[in-house]
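Containing compact mmCIF, C-alpha atoms: my_file39.txt.
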# COMPACT_ATOMS: atom_id res chain seq x y z
CA MET A 1 -72.63 22.86 -17.78
CA SER A 2 -70.04 25.54 -18.64
CA GLU A 3 -67.74 25.27 -21.66
CA ARG A 4 -64.69 25.00 -19.38
CA SER A 5 -66.36 22.26 -17.33
CA SER A 6 -67.17 20.38 -20.52
CA TYR A 7 -63.53 20.55 -21.63
CA ASN A 8 -62.46 19.30 -18.21
CA HIS A 9 -64.77 16.31 -18.50
CA ILE A 10 -63.47 15.50 -21.98
CA PHE A 11 -59.86 15.80 -20.79
CA PHE A 12 -60.59 13.56 -17.81
CA PHE A 13 -62.25 11.00 -20.09
CA PHE A 14 -59.17 10.78 -22.32
CA ILE A 15 -56.86 10.43 -19.33
CA ILE A 16 -58.97 7.53 -18.05
CA LEU A 17 -58.95 5.97 -21.52
CA ILE A 18 -55.17 6.21 -21.82
CA LEU A 19 -54.66 4.81 -18.33
CA GLY A 20 -57.01 1.96 -19.14
CA VAL A 21 -54.98 1.03 -22.20
CA CYS A 22 -51.74 1.14 -20.20
CA LEU A 23 -53.21 -0.98 -17.43
CA ARG A 24 -54.58 -3.55 -19.84
CA SER A 25 -51.19 -3.84 -21.52
CA SER A 26 -49.58 -5.01 -18.25
CA LEU A 27 -52.51 -6.93 -16.79
CA ALA A 28 -50.66 -10.23 -16.41
CA PHE A 29 -47.88 -8.76 -14.29
CA THR A 30 -49.43 -6.17 -11.98
CA ASN A 31 -48.92 -8.10 -8.74
CA LEU A 32 -45.44 -9.55 -9.06
CA ASN A 33 -43.46 -9.97 -5.86
CA THR A 34 -40.03 -8.62 -6.85
CA LEU A 35 -36.95 -9.60 -4.86
CA SER A 36 -33.43 -8.34 -4.26
CA PHE A 37 -30.44 -10.37 -5.41
CA GLU A 38 -29.54 -11.32 -1.83
CA GLU A 39 -33.09 -12.56 -1.13
CA SER A 40 -33.29 -14.96 -4.05
CA LEU A 41 -30.06 -15.43 -6.00
CA SER A 42 -26.38 -16.37 -5.68
CA PRO A 43 -23.32 -15.93 -7.93
CA LEU A 44 -22.65 -18.96 -10.15
CA PHE A 45 -19.37 -18.22 -11.96
CA GLY A 46 -17.22 -15.34 -13.16
CA ASP A 47 -17.49 -13.47 -9.86
CA ALA A 48 -15.51 -10.46 -11.03
CA ASN A 49 -17.80 -10.20 -14.05
CA LEU A 50 -20.96 -10.23 -11.93
CA VAL A 51 -21.65 -6.68 -10.75
CA ARG A 52 -24.46 -6.06 -8.28
CA SER A 53 -26.00 -2.62 -7.92
CA PRO A 54 -25.58 -0.72 -4.63
CA ASP A 55 -29.26 -1.27 -3.77
CA ASP A 56 -28.95 -5.00 -4.68
CA LEU A 57 -32.00 -4.79 -6.94
CA SER A 58 -30.16 -5.35 -10.22
CA VAL A 59 -27.09 -7.13 -11.55
CA ARG A 60 -24.88 -6.85 -14.63
CA LEU A 61 -23.39 -9.98 -16.20
CA LEU A 62 -20.22 -9.38 -18.24
CA LEU A 63 -18.46 -11.44 -20.88
CA ASP A 64 -14.84 -10.64 -21.73
CA ARG A 65 -12.09 -12.61 -23.42
CA TYR A 66 -11.34 -14.39 -20.14
CA THR A 67 -14.73 -15.50 -18.85
CA GLY A 68 -18.46 -15.08 -18.90
CA SER A 69 -20.59 -14.93 -15.76
CA GLY A 70 -23.84 -16.11 -14.28
CA PHE A 71 -26.09 -16.46 -11.28
CA ILE A 72 -28.37 -19.15 -9.86
CA SER A 73 -31.41 -19.09 -7.60
CA SER A 74 -30.67 -19.79 -3.96
CA ASN A 75 -33.37 -22.48 -3.92
CA MET A 76 -34.75 -25.19 -6.19
CA TYR A 77 -38.44 -25.13 -6.97
CA GLN A 78 -40.96 -27.86 -7.70
CA HIS A 79 -42.85 -25.85 -10.33
CA GLY A 80 -42.75 -22.09 -10.37
CA PHE A 81 -42.87 -18.72 -12.10
CA TYR A 82 -39.47 -17.25 -12.99
CA SER A 83 -39.25 -13.69 -14.29
CA SER A 84 -36.82 -10.82 -14.77
CA MET A 85 -36.47 -7.55 -16.62
CA ILE A 86 -33.51 -7.96 -18.99
CA LYS A 87 -31.52 -5.61 -21.23
CA LEU A 88 -29.16 -7.20 -23.74
CA PRO A 89 -25.75 -6.04 -25.03
CA ALA A 90 -25.74 -3.68 -28.01
CA ASP A 91 -23.59 -3.28 -31.13
CA TYR A 92 -21.68 -6.34 -32.42
CA THR A 93 -22.79 -9.38 -30.39
CA ALA A 94 -22.14 -12.31 -32.75
CA GLY A 95 -21.21 -15.49 -30.91
CA VAL A 96 -22.66 -14.21 -27.62
CA VAL A 97 -25.45 -16.08 -25.83
CA VAL A 98 -27.45 -14.70 -22.92
CA ALA A 99 -29.51 -17.41 -21.27
CA PHE A 100 -32.39 -17.24 -18.79
CA TYR A 101 -33.44 -20.76 -17.92
CA THR A 102 -34.32 -23.39 -15.34
CA SER A 103 -32.44 -26.65 -14.90
CA ASN A 104 -31.47 -29.38 -12.45
CA GLY A 105 -28.46 -30.65 -14.37
CA ASP A 106 -26.16 -30.19 -11.39
CA VAL A 107 -28.26 -32.67 -9.38
CA PHE A 108 -29.62 -35.03 -12.04
CA GLU A 109 -26.75 -35.16 -14.51
CA LYS A 110 -28.14 -37.91 -16.77
CA THR A 111 -31.85 -37.28 -16.30
CA HIS A 112 -32.01 -33.50 -16.06
CA ASP A 113 -34.98 -31.27 -16.86
CA GLU A 114 -34.67 -27.83 -18.45
CA LEU A 115 -36.69 -24.85 -19.69
CA ASP A 116 -34.74 -22.37 -21.82
CA ILE A 117 -34.89 -18.83 -23.11
CA GLU A 118 -31.64 -18.24 -25.01
CA PHE A 119 -30.81 -14.96 -26.74
CA LEU A 120 -28.49 -15.33 -29.73
CA GLY A 121 -26.25 -12.39 -30.63
CA ASN A 122 -25.65 -11.10 -34.14
CA ILE A 123 -23.34 -8.99 -36.26
CA LYS A 124 -23.69 -5.21 -36.10
CA GLY A 125 -26.87 -3.99 -37.75
CA LYS A 126 -28.60 -7.38 -37.46
CA PRO A 127 -31.17 -8.07 -34.72
CA TRP A 128 -30.89 -10.40 -31.75
CA ARG A 129 -32.66 -13.73 -32.22
CA PHE A 130 -33.86 -15.97 -29.43
CA GLN A 131 -35.06 -19.50 -28.88
CA THR A 132 -37.11 -21.45 -26.36
CA ASN A 133 -36.66 -25.12 -25.57
CA LEU A 134 -37.61 -27.76 -23.02
CA TYR A 135 -36.26 -31.10 -21.88
CA GLY A 136 -37.56 -33.69 -19.45
CA ASN A 137 -35.70 -36.58 -17.86
CA GLY A 138 -32.58 -36.10 -19.96
CA SER A 139 -34.42 -36.12 -23.30
CA THR A 140 -31.81 -33.88 -24.94
CA GLN A 141 -31.89 -35.98 -28.12
CA ARG A 142 -35.50 -34.86 -28.58
CA GLY A 143 -35.02 -31.10 -28.58
CA ARG A 144 -38.14 -28.97 -28.80
CA GLU A 145 -36.66 -25.71 -30.09
CA GLU A 146 -38.53 -22.78 -31.50
CA ARG A 147 -36.67 -19.71 -32.80
CA TYR A 148 -37.93 -16.18 -33.16
CA ARG A 149 -37.18 -12.53 -33.75
CA LEU A 150 -38.41 -9.78 -31.42
CA TRP A 151 -40.67 -6.86 -32.30
CA PHE A 152 -38.35 -4.41 -30.50
CA ASP A 153 -34.64 -3.83 -29.95
CA PRO A 154 -33.84 -5.68 -26.68
CA SER A 155 -30.60 -3.73 -26.23
CA LYS A 156 -32.27 -0.31 -25.97
CA GLU A 157 -34.40 -0.81 -22.87
CA PHE A 158 -35.48 -3.40 -20.35
CA HIS A 159 -38.19 -5.94 -21.17
CA ARG A 160 -39.67 -8.66 -19.00
CA TYR A 161 -39.07 -12.32 -19.86
CA SER A 162 -40.86 -15.01 -17.89
CA ILE A 163 -41.32 -18.77 -17.65
CA LEU A 164 -44.33 -20.41 -16.00
CA TRP A 165 -44.04 -24.11 -15.15
CA THR A 166 -46.87 -26.04 -13.50
CA PRO A 167 -47.79 -29.76 -13.51
CA HIS A 168 -50.16 -29.02 -16.40
CA LYS A 169 -48.60 -26.37 -18.62
CA ILE A 170 -45.58 -24.29 -19.54
CA ILE A 171 -45.90 -20.71 -20.82
CA PHE A 172 -43.08 -18.53 -22.09
CA TRP A 173 -43.81 -14.79 -21.88
CA VAL A 174 -42.15 -11.72 -23.40
CA ASP A 175 -43.51 -8.68 -21.57
CA ASP A 176 -47.25 -9.41 -21.52
CA VAL A 177 -47.28 -11.48 -24.70
CA PRO A 178 -47.42 -15.26 -24.30
CA ILE A 179 -45.19 -16.50 -27.10
CA ARG A 180 -45.39 -20.25 -26.49
CA GLU A 181 -47.66 -22.59 -24.54
CA VAL A 182 -47.01 -26.29 -23.95
CA ILE A 183 -49.90 -28.27 -22.50
CA ARG A 184 -48.86 -31.49 -20.81
CA ASN A 185 -50.43 -34.67 -22.06
CA ASP A 186 -49.91 -38.32 -21.12
CA ALA A 187 -48.14 -39.14 -24.37
CA MET A 188 -45.26 -36.83 -23.41
CA GLY A 189 -44.43 -39.14 -20.52
CA ALA A 190 -41.16 -38.23 -18.80
CA ASP A 191 -40.31 -35.70 -21.52
CA TYR A 192 -42.35 -33.17 -19.57
CA PRO A 193 -40.12 -31.55 -16.89
CA ALA A 194 -41.12 -32.89 -13.50
CA LYS A 195 -38.21 -32.62 -11.05
CA PRO A 196 -37.24 -29.55 -8.97
CA MET A 197 -35.23 -26.94 -10.87
CA SER A 198 -33.15 -23.87 -10.14
CA LEU A 199 -33.25 -20.62 -12.09
CA TYR A 200 -30.09 -19.66 -13.97
CA ALA A 201 -28.94 -16.61 -15.93
CA THR A 202 -25.66 -16.63 -17.85
CA ILE A 203 -23.69 -14.86 -20.56
CA TRP A 204 -21.10 -16.88 -22.46
CA ASP A 205 -19.19 -17.37 -25.71
CA ALA A 206 -20.99 -19.76 -28.08
CA SER A 207 -19.06 -18.79 -31.20
CA ASP A 208 -19.18 -22.35 -32.53
CA TRP A 209 -22.95 -22.25 -33.15
CA ALA A 210 -24.83 -19.15 -31.98
CA THR A 211 -24.66 -16.88 -35.05
CA SER A 212 -25.25 -18.28 -38.56
CA GLY A 213 -24.20 -21.73 -37.40
CA GLY A 214 -20.83 -20.48 -36.17
CA LYS A 215 -19.94 -18.42 -39.24
CA TYR A 216 -19.56 -15.26 -37.12
CA LYS A 217 -17.51 -15.42 -33.92
CA ALA A 218 -17.37 -13.28 -30.80
CA ASN A 219 -15.16 -10.24 -31.38
CA TYR A 220 -13.60 -9.07 -28.13
CA LYS A 221 -12.79 -5.70 -29.61
CA PHE A 222 -16.38 -4.94 -28.56
CA ALA A 223 -16.01 -6.43 -25.04
CA PRO A 224 -17.10 -6.37 -22.39
CA PHE A 225 -20.53 -7.60 -23.47
CA VAL A 226 -22.99 -6.61 -20.74
CA ALA A 227 -26.42 -8.08 -19.98
CA GLU A 228 -28.45 -6.35 -17.25
CA PHE A 229 -31.08 -7.96 -15.03
CA LYS A 230 -33.51 -6.41 -12.54
CA SER A 231 -36.98 -6.80 -10.98
CA PHE A 232 -36.49 -10.47 -10.22
CA SER A 233 -39.60 -12.49 -9.42
CA LEU A 234 -39.61 -16.09 -8.19
CA ASP A 235 -42.75 -17.91 -7.07
CA GLY A 236 -42.86 -21.62 -6.42
CA CYS A 237 -42.51 -24.46 -3.95
CA SER A 238 -38.99 -24.43 -2.56
CA VAL A 239 -37.69 -27.98 -2.07
CA ASP A 240 -34.52 -29.96 -1.44
CA PRO A 241 -34.44 -32.63 -4.18
CA ILE A 242 -32.36 -35.06 -2.12
CA GLN A 243 -34.34 -34.90 1.11
CA GLU A 244 -36.11 -38.12 2.03
CA VAL A 245 -39.35 -36.57 3.29
CA PRO A 246 -41.45 -35.33 0.35
CA VAL A 247 -42.84 -31.79 0.44
CA ASP A 248 -46.50 -31.11 -0.27
CA CYS A 249 -46.50 -28.46 -3.01
CA SER A 250 -50.22 -28.49 -3.74
CA ASP A 251 -50.84 -25.06 -2.16
CA SER A 252 -48.01 -23.56 -4.18
CA VAL A 253 -49.37 -25.05 -7.41
CA ASP A 254 -52.84 -23.74 -6.57
CA PHE A 255 -51.34 -20.28 -6.07
CA LEU A 256 -49.45 -20.40 -9.37
CA GLU A 257 -52.53 -21.53 -11.27
CA SER A 258 -54.64 -18.77 -9.71
CA GLN A 259 -52.41 -15.99 -11.03
CA ASP A 260 -53.08 -14.00 -14.21
CA TYR A 261 -49.82 -15.19 -15.75
CA SER A 262 -51.18 -18.75 -15.67
CA THR A 263 -54.13 -17.97 -17.92
CA ILE A 264 -54.04 -16.72 -21.49
CA ASN A 265 -57.09 -14.57 -22.17
CA SER A 266 -58.59 -14.09 -25.63
CA ARG A 267 -56.68 -10.86 -26.25
CA GLN A 268 -53.37 -12.39 -25.25
CA ARG A 269 -54.07 -15.50 -27.33
CA ALA A 270 -54.63 -13.30 -30.36
CA ALA A 271 -51.31 -11.55 -29.60
CA MET A 272 -49.59 -14.93 -29.34
CA ARG A 273 -51.02 -15.97 -32.70
CA ARG A 274 -49.81 -12.71 -34.29
CA PHE A 275 -46.37 -13.12 -32.74
CA ARG A 276 -45.99 -16.66 -34.04
CA GLN A 277 -47.18 -15.65 -37.50
CA ARG A 278 -44.80 -12.69 -37.77
CA PHE A 279 -41.73 -13.57 -35.74
CA MET A 280 -41.31 -17.36 -35.42
CA TYR A 281 -38.89 -18.62 -38.05
CA TYR A 282 -38.27 -22.21 -36.88
CA SER A 283 -40.49 -24.75 -35.12
CA TYR A 284 -39.65 -28.36 -34.35
CA CYS A 285 -43.34 -29.16 -34.72
CA TYR A 286 -43.08 -28.49 -38.48
CA ASP A 287 -39.66 -30.10 -38.90
CA THR A 288 -40.79 -33.33 -40.56
CA VAL A 289 -37.21 -34.19 -41.54
CA ARG A 290 -36.32 -34.40 -37.88
CA TYR A 291 -39.70 -35.61 -36.62
CA PRO A 292 -41.73 -37.43 -39.32
CA GLU A 293 -44.46 -37.64 -36.70
CA ALA A 294 -44.89 -34.46 -34.70
CA PRO A 295 -44.20 -34.83 -30.96
CA PRO A 296 -47.41 -35.33 -28.97
CA GLU A 297 -47.62 -31.84 -27.46
CA CYS A 298 -47.52 -30.13 -30.88
CA VAL A 299 -50.67 -28.34 -31.97
CA ILE A 300 -50.51 -28.23 -35.75
CA VAL A 301 -52.09 -25.07 -37.15
CA PRO A 302 -52.67 -25.65 -40.91
CA ALA A 303 -52.30 -21.97 -41.85
CA GLU A 304 -49.10 -21.80 -39.81
CA LYS A 305 -47.72 -25.08 -41.17
CA ASP A 306 -48.11 -23.86 -44.76
CA ARG A 307 -45.51 -21.17 -44.09
CA PHE A 308 -42.77 -23.67 -43.19
CA LYS A 309 -40.55 -26.03 -45.15
CA ASP A 310 -40.22 -29.67 -44.13
CA THR A 311 -37.07 -28.58 -42.26
CA GLY A 312 -39.18 -26.48 -39.90
CA ARG A 313 -37.80 -23.22 -41.31
CA LEU A 314 -39.80 -20.51 -43.04
CA LYS A 315 -40.35 -20.74 -46.76
CA PHE A 316 -38.99 -17.99 -49.01
CA GLY A 317 -40.67 -14.67 -48.29
CA GLY A 318 -40.61 -15.16 -44.51
CA THR A 319 -38.31 -13.66 -41.91
CA GLU A 320 -35.20 -13.57 -44.11
CA ALA A 321 -36.99 -11.72 -46.93
CA ARG A 322 -38.46 -9.20 -44.51
CA GLU A 323 -35.02 -8.56 -43.05
CA ARG A 324 -33.50 -8.01 -46.49
CA ARG A 325 -36.22 -5.46 -47.26
CA ARG A 326 -35.67 -3.77 -43.90
CA ASN A 327 -31.91 -3.64 -44.44
CA ARG A 328 -32.39 -2.01 -47.85
CA ARG A 329 -34.65 0.62 -46.27
CA GLN A 330 -32.08 1.24 -43.53
CA GLN A 331 -29.35 1.78 -46.12
CA ARG A 332 -31.50 4.48 -47.71
CA ARG A 333 -32.51 5.99 -44.35
CA PRO A 334 -29.93 5.54 -41.56
CA GLU A 335 -32.42 6.25 -38.79
CA ILE A 336 -35.67 4.38 -39.27
CA GLU A 337 -38.19 3.17 -36.75
CA SER A 338 -39.54 -0.34 -36.69
CA ASP A 339 -42.79 -1.17 -38.39
CA PRO A 340 -45.73 0.31 -36.41
CA ASP A 341 -47.46 -3.07 -36.54
CA GLU A 342 -44.42 -4.64 -34.90
CA ARG A 343 -44.14 -2.24 -31.95
CA ARG A 344 -47.00 -3.77 -30.02
CA LEU A 345 -48.82 -7.04 -30.27
CA LEU A 346 -51.41 -6.38 -27.56

Show me, as structure tokens, the structure contained in the file I just sent.
Amino acid sequence: MSERSSYNHIFFFFIILILGVCLRSSLAFTNLNTLSFEESLSPLFGDANLVRSPDDLSVRLLLDRYTGSGFISSNMYQHGFYSSMIKLPADYTAGVVVAFYTSNGDVFEKTHDELDIEFLGNIKGKPWRFQTNLYGNGSTQRGREERYRLWFDPSKEFHRYSILWTPHKIIFWVDDVPIREVIRNDAMGADYPAKPMSLYATIWDASDWATSGGKYKANYKFAPFVAEFKSFSLDGCSVDPIQEVPVDCSDSVDFLESQDYSTINSRQRAAMRRFRQRFMYYSYCYDTVRYPEAPPECVIVPAEKDRFKDTGRLKFGGTEARERRRNRRQQRRPEIESDPDERRLL
């Protein structure tokens, strides 16, 4: 074999290796069926602040001093996979909430179900936070919140956020990292979401609670606040919740449970464990003040529990301490990249 041929083989080998890494990093989402806005969604409120792209493949939701905005799926689904690429507003975003969630509150006002991803804005120089939550059968007095930081700046580029809901499990995904898994068990009873839900996305002013418990309010000097959505994916059994003839959704559930996003492999489970160790700063499962006995779906991890106070928040030296150290570094060096260990979890 000639020297040039040998170099070609080595070069080809490295290209294959790099491609393999890239492919593995997006394994869970290689076959998503993406939809246009017209195919799957409808405006919800703030029409003038909902701006669709000319090709109808993306939408911008704006919040100004007059109104927020939002959209809703055209159908309700009895279980499903809900996913979108999202880019959040930059700069000062205190008091602003961007929500990507499923609900049936418009149909079942007193017994509604809900699955939430809510992004909580912050003052300039501080990162976005976000939380996940779930309700079943109107169980809003038994909130199941978890709060986290992200390992990237969600205002700089698009990232994919997804919710899987089947009769047996719920998985929240950020890109290809599963950040939370809830396995249904009988003890949950009606607290596990079970009725058809629509997908919603909204941006709104939550100055009374979103940032430091309401200490920092939305400042419309920085308006409009713009959240961008694209690459929508909706899979599920489309139903009319008030129709008298029930719909057989077994084939749809079988399809959902056959997809890669329905299974957490060993590599992804390790990434989820790392995420929860590094970036989760509140968990209701460890909030013994609120829940002296952990709710039945909680999986108590002793090493994880040791990091939290009885209020469910991190002990000293957790997220807050890391942020103070990071802020001090940023004051010394205006342009600094995030920790290499925090750029990727997979």

key: Residue neighbourhood Arg269 (chain A), 9 Å, all atoms listed in the file, exclusion window fewer than 4 positions, as a VMD selection string   = chain A and resid 177 to 179 264 to 265 273 to 274

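Considering the residues A:Thr93, A:Ser283, A:Ser252, A:Ser36 and counting all atoms listed in the file, Asn122 (chain A) has its shortest atom-to-atom contact with A:Thr93.
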
message = What does the structure give for the distance between CA of Ile171 (chain A) and CA of Asp106 (chain A), in Å to one decimal?
response =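 Pair CA of Ile171 (chain A) / CA of Asp106 (chain A) returns 23.8 Å.
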
key: Pick from A:Pro292, A:Pro127, A:Pro167, A:Gly105, whichever lies nearest to Arg149 (chain A) using all atoms listed in the file   =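 Of A:Pro292, A:Pro127, A:Pro167, A:Gly105, the one nearest Arg149 (chain A) is A:Pro127, counting all atoms listed in the file.
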
d(CA of Gly46 (chain A), CA of Gly70 (chain A)) in Å =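 Going from CA of Gly46 (chain A) over to CA of Gly70 (chain A) covers 6.8 Å.
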
inquiry  = For region 228-245 of chain A, find every residue with an atom within 8 Å (counting only C-alpha atoms), except residues of its own chain fewer than 5 positions away, and show them as a PyMOL selection string.
reply    = chain A and resi 32-37+40+57-61+75-88+195-196+252-253+256

inquiry  = Give me the residues near Ile183 (chain A) as a list in words, where near means some atom within 10 Å (using only C-alpha atoms) and where sequence neighbours in that chain fewer than 6 positions away do not count.
reply    =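 Answer for this query is Thr166, Pro167, His168, Lys169, Ile170, Ile171, Tyr192, Pro296, Glu297, Cys298 and Val299 of chain A.
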
key: Point-to-point distance from CA of Lys124 (chain A) to CA of Phe100 (chain A), Å rounded to tenths   = 22.8 Å

task = Tell me, as a PyMOL selection string, which residues lie within 8 Å of Thr111 (chain A), counting all atoms listed in the file; anything in the same chain fewer than 2 positions away does not count.
result = chain A and resi 105+108-109+113+136-139

Selection export as a PDB file, keeping the file's coordinate frame, atoms kept: C-alpha atoms:
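Contents of out-v2.pdb, freshly written:
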ATOM      1  CA  GLY A 105     -28.460 -30.650 -14.370  1.00  0.00           C
ATOM      2  CA  PHE A 108     -29.620 -35.030 -12.040  1.00  0.00           C
ATOM      3  CA  GLU A 109     -26.750 -35.160 -14.510  1.00  0.00           C
ATOM      4  CA  ASP A 113     -34.980 -31.270 -16.860  1.00  0.00           C
ATOM      5  CA  GLY A 136     -37.560 -33.690 -19.450  1.00  0.00           C
ATOM      6  CA  ASN A 137     -35.700 -36.580 -17.860  1.00  0.00           C
ATOM      7  CA  GLY A 138     -32.580 -36.100 -19.960  1.00  0.00           C
ATOM      8  CA  SER A 139     -34.420 -36.120 -23.300  1.00  0.00           C
TER       9      SER A 139
END

Taking the partial coordinates given, rebuild region 269-285 of chain A to contain N, CA, C and O atoms; return it as a tab-separated table (two decimals), in the coordinates of the input.
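out33.tsv, freshly written:
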chain	number	residue	atom	x	y	z
A	269	ARG	N	-54.19	-14.39	-26.37
A	269	ARG	CA	-54.07	-15.50	-27.33
A	269	ARG	C	-53.98	-14.97	-28.76
A	269	ARG	O	-53.25	-15.52	-29.59
A	270	ALA	N	-54.73	-13.92	-29.04
A	270	ALA	CA	-54.63	-13.30	-30.36
A	270	ALA	C	-53.24	-12.71	-30.57
A	270	ALA	O	-52.67	-12.80	-31.67
A	271	ALA	N	-52.67	-12.11	-29.51
A	271	ALA	CA	-51.31	-11.55	-29.60
A	271	ALA	C	-50.30	-12.66	-29.82
A	271	ALA	O	-49.35	-12.50	-30.59
A	272	MET	N	-50.49	-13.80	-29.14
A	272	MET	CA	-49.59	-14.93	-29.34
A	272	MET	C	-49.67	-15.44	-30.78
A	272	MET	O	-48.63	-15.75	-31.40
A	273	ARG	N	-50.86	-15.52	-31.31
A	273	ARG	CA	-51.02	-15.97	-32.70
A	273	ARG	C	-50.32	-15.01	-33.66
A	273	ARG	O	-49.61	-15.44	-34.58
A	274	ARG	N	-50.47	-13.69	-33.42
A	274	ARG	CA	-49.81	-12.71	-34.29
A	274	ARG	C	-48.29	-12.81	-34.17
A	274	ARG	O	-47.57	-12.73	-35.16
A	275	PHE	N	-47.81	-12.99	-32.94
A	275	PHE	CA	-46.37	-13.12	-32.74
A	275	PHE	C	-45.83	-14.31	-33.52
A	275	PHE	O	-44.82	-14.21	-34.23
A	276	ARG	N	-46.49	-15.45	-33.40
A	276	ARG	CA	-45.99	-16.66	-34.04
A	276	ARG	C	-46.08	-16.56	-35.56
A	276	ARG	O	-45.25	-17.11	-36.28
A	277	GLN	N	-47.06	-15.86	-36.06
A	277	GLN	CA	-47.18	-15.65	-37.50
A	277	GLN	C	-46.08	-14.74	-38.04
A	277	GLN	O	-45.56	-14.96	-39.13
A	278	ARG	N	-45.71	-13.71	-37.27
A	278	ARG	CA	-44.80	-12.69	-37.77
A	278	ARG	C	-43.34	-12.95	-37.41
A	278	ARG	O	-42.44	-12.55	-38.17
A	279	PHE	N	-43.09	-13.57	-36.27
A	279	PHE	CA	-41.73	-13.57	-35.74
A	279	PHE	C	-41.12	-14.94	-35.50
A	279	PHE	O	-39.94	-15.03	-35.22
A	280	MET	N	-41.89	-16.03	-35.58
A	280	MET	CA	-41.31	-17.36	-35.42
A	280	MET	C	-40.75	-17.81	-36.77
A	280	MET	O	-41.46	-17.82	-37.77
A	281	TYR	N	-39.48	-18.20	-36.79
A	281	TYR	CA	-38.89	-18.62	-38.05
A	281	TYR	C	-38.38	-20.06	-38.03
A	281	TYR	O	-37.88	-20.57	-39.04
A	282	TYR	N	-38.51	-20.76	-36.91
A	282	TYR	CA	-38.27	-22.21	-36.88
A	282	TYR	C	-39.16	-22.82	-35.80
A	282	TYR	O	-39.29	-22.27	-34.71
A	283	SER	N	-39.73	-23.99	-36.11
A	283	SER	CA	-40.49	-24.75	-35.12
A	283	SER	C	-40.24	-26.24	-35.33
A	283	SER	O	-40.39	-26.74	-36.46
A	284	TYR	N	-39.86	-26.90	-34.28
A	284	TYR	CA	-39.65	-28.36	-34.35
A	284	TYR	C	-40.93	-29.09	-34.73
A	284	TYR	O	-40.87	-30.19	-35.31
A	285	CYS	N	-42.07	-28.50	-34.42
A	285	CYS	CA	-43.34	-29.16	-34.72
A	285	CYS	C	-43.55	-29.32	-36.23
A	285	CYS	O	-44.28	-30.22	-36.66
